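Student: Structure in structure tokens, see below.
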Amino acid sequence: MNKSELIEALATKADLSKAAAGRAVDVLVEEIVTAVAKGDSVTLVGFGTFKSAARAAREGKNPKTGEKIKIAATTVPKFSAGATFKQEVAAQAKKK
């Protein structure tokens with residue numbers, strides 16, 4: 001499912017116009033990104049938690065040349081699925 005399909009589904013199920021559903025999706029994503037970028041976590045009970053995580057500096061390898069390179073420390077976004085989400089995915093996988 002891509003963003004357009006998500007907006008279509010949201011508009012249909014919530015009885016919204018596609019424009020309103022699109023704005024809702026855009027605002028939701030924007031607020032999650034802003035909060036995580038500030039170092040806060042965003043928890044949607046039953047769905048999951050978005051947060052930032054520190055990644056330490058490490059040594060990597062250039063796949064073309066095999067040369068060792070240094071990879072700088074950074075902060076990356078992380079998502080942890082909630083229990084309800086995990087159970088639903090596992091239940092749907094069994095049906096296939």
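Identifiers in the structure tokens: chain A, B, ... in order shown; residue index from 1 per chain; ligand index from 1 in order shown.
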I'd like the neighbourhood of Gly82 (chain A) as a CSV table (one decimal) with N, CA and C atoms, in the first residue's frame, where a residue qualifies if any of its atoms comes within 8 Å (using only C-alpha atoms), though same-chain residues fewer than 3 positions away should be ignored.

Tutor:
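Here's the written file out27.csv:
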chain,number,residue,atom,x,y,z
A,45,VAL,N,-0.7,3.4,21.1
A,45,VAL,CA,-1.0,2.1,21.9
A,45,VAL,C,-1.7,1.1,20.9
A,46,GLY,N,-1.1,-0.1,20.9
A,46,GLY,CA,-1.6,-1.1,20.1
A,46,GLY,C,-0.9,-1.2,18.7
A,47,PHE,N,-0.4,0.0,18.3
A,47,PHE,CA,0.3,0.0,17.0
A,47,PHE,C,1.8,0.0,17.1
A,48,GLY,N,2.4,0.9,17.9
A,48,GLY,CA,3.8,0.8,18.1
A,48,GLY,C,4.4,2.2,18.6
A,49,THR,N,5.7,2.2,18.6
A,49,THR,CA,6.4,3.4,19.1
A,49,THR,C,7.5,3.8,18.2
A,85,PHE,N,-0.4,-5.1,17.1
A,85,PHE,CA,0.0,-5.0,15.7
A,85,PHE,C,0.7,-6.4,15.4
A,86,LYS,N,1.6,-6.8,16.2
A,86,LYS,CA,2.3,-8.1,16.0
A,86,LYS,C,1.4,-9.2,15.9

Student: Do you know which residues are at most 10 Å from Asp26 (chain A) counting only C-alpha atoms, after dropping those on the same chain fewer than 5 positions away, and could you put them as a PyMOL selection string?

Tutor: chain A and resi 3+7+20-21+31

Student: I need the residues from that last selection saved to file as a CSV table (one decimal), in the first residue's frame (with C-alpha atoms), if you can.

Tutor:
chain,number,residue,atom,x,y,z
A,3,LYS,CA,0.4,6.8,0.4
A,7,ILE,CA,-5.4,8.2,1.9
A,20,ALA,CA,-9.1,16.0,4.2
A,21,ALA,CA,-7.7,12.5,4.6
A,31,GLU,CA,4.2,15.5,13.8

Student: Name the residues of region 3-65 of chain A that fall into strand (DSSP E) according to DSSP on the backbone, using the chain letters and numbers of this document, as a VMD selection string.

Tutor: chain A and resid 42 to 44 48 to 55 58 to 61

Student: Might you pull out every residue within 7 Å of Phe50 (chain A), with only C-alpha atoms counted and same-chain residues fewer than 2 positions away left off, and present them as a PyMOL selection string?

Tutor: chain A and resi 36+41-43+48+78-80

Student: Write a file of the selected residues as a PDB file, in the first residue's frame, keeping C-alpha atoms.

Tutor:
ATOM      1  CA  VAL A  36      11.284  12.009  16.973  1.00  0.00           C
ATOM      2  CA  SER A  41       9.069   9.160  21.399  1.00  0.00           C
ATOM      3  CA  VAL A  42       5.595   8.807  19.904  1.00  0.00           C
ATOM      4  CA  THR A  43       3.551   5.878  21.187  1.00  0.00           C
ATOM      5  CA  GLY A  48       3.825   0.846  18.074  1.00  0.00           C
ATOM      6  CA  LYS A  78      13.442   3.493  15.055  1.00  0.00           C
ATOM      7  CA  PHE A  79      10.001   1.864  15.108  1.00  0.00           C
ATOM      8  CA  SER A  80       8.959  -0.886  17.520  1.00  0.00           C
TER       9      SER A  80
END

Student: Excluding region 59-76 of chain A and any residue of its chain fewer than 6 positions from it, enumerate the residues within 10 Å of it, using only C-alpha atoms, and give them as a list in words.

Tutor: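 My reading of the contact set: Val36, Ala37, Gly39, Lys51, Ser52 and Ala53 of chain A.
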
Student: Could you tell me which of A:Glu30, A:Lys38, A:Lys96, A:Ser4 comes closest to Lys18 (chain A) if we count only C-alpha atoms?

Tutor: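 Once distances to Lys18 (chain A) are computed over only C-alpha atoms, the minimum belongs to A:Ser4.
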
Student: To one decimal place in Å, what is the distance between CA of Ala91 (chain A) and CA of Ala9 (chain A)?

Tutor: 21.4 Å

Student: Please, what distance in Å, to one decimal, runs between CA of Ala54 (chain A) and CA of Val27 (chain A)?

Tutor: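 Answer for the CA of Ala54 (chain A) to CA of Val27 (chain A) separation: 25.7 Å.
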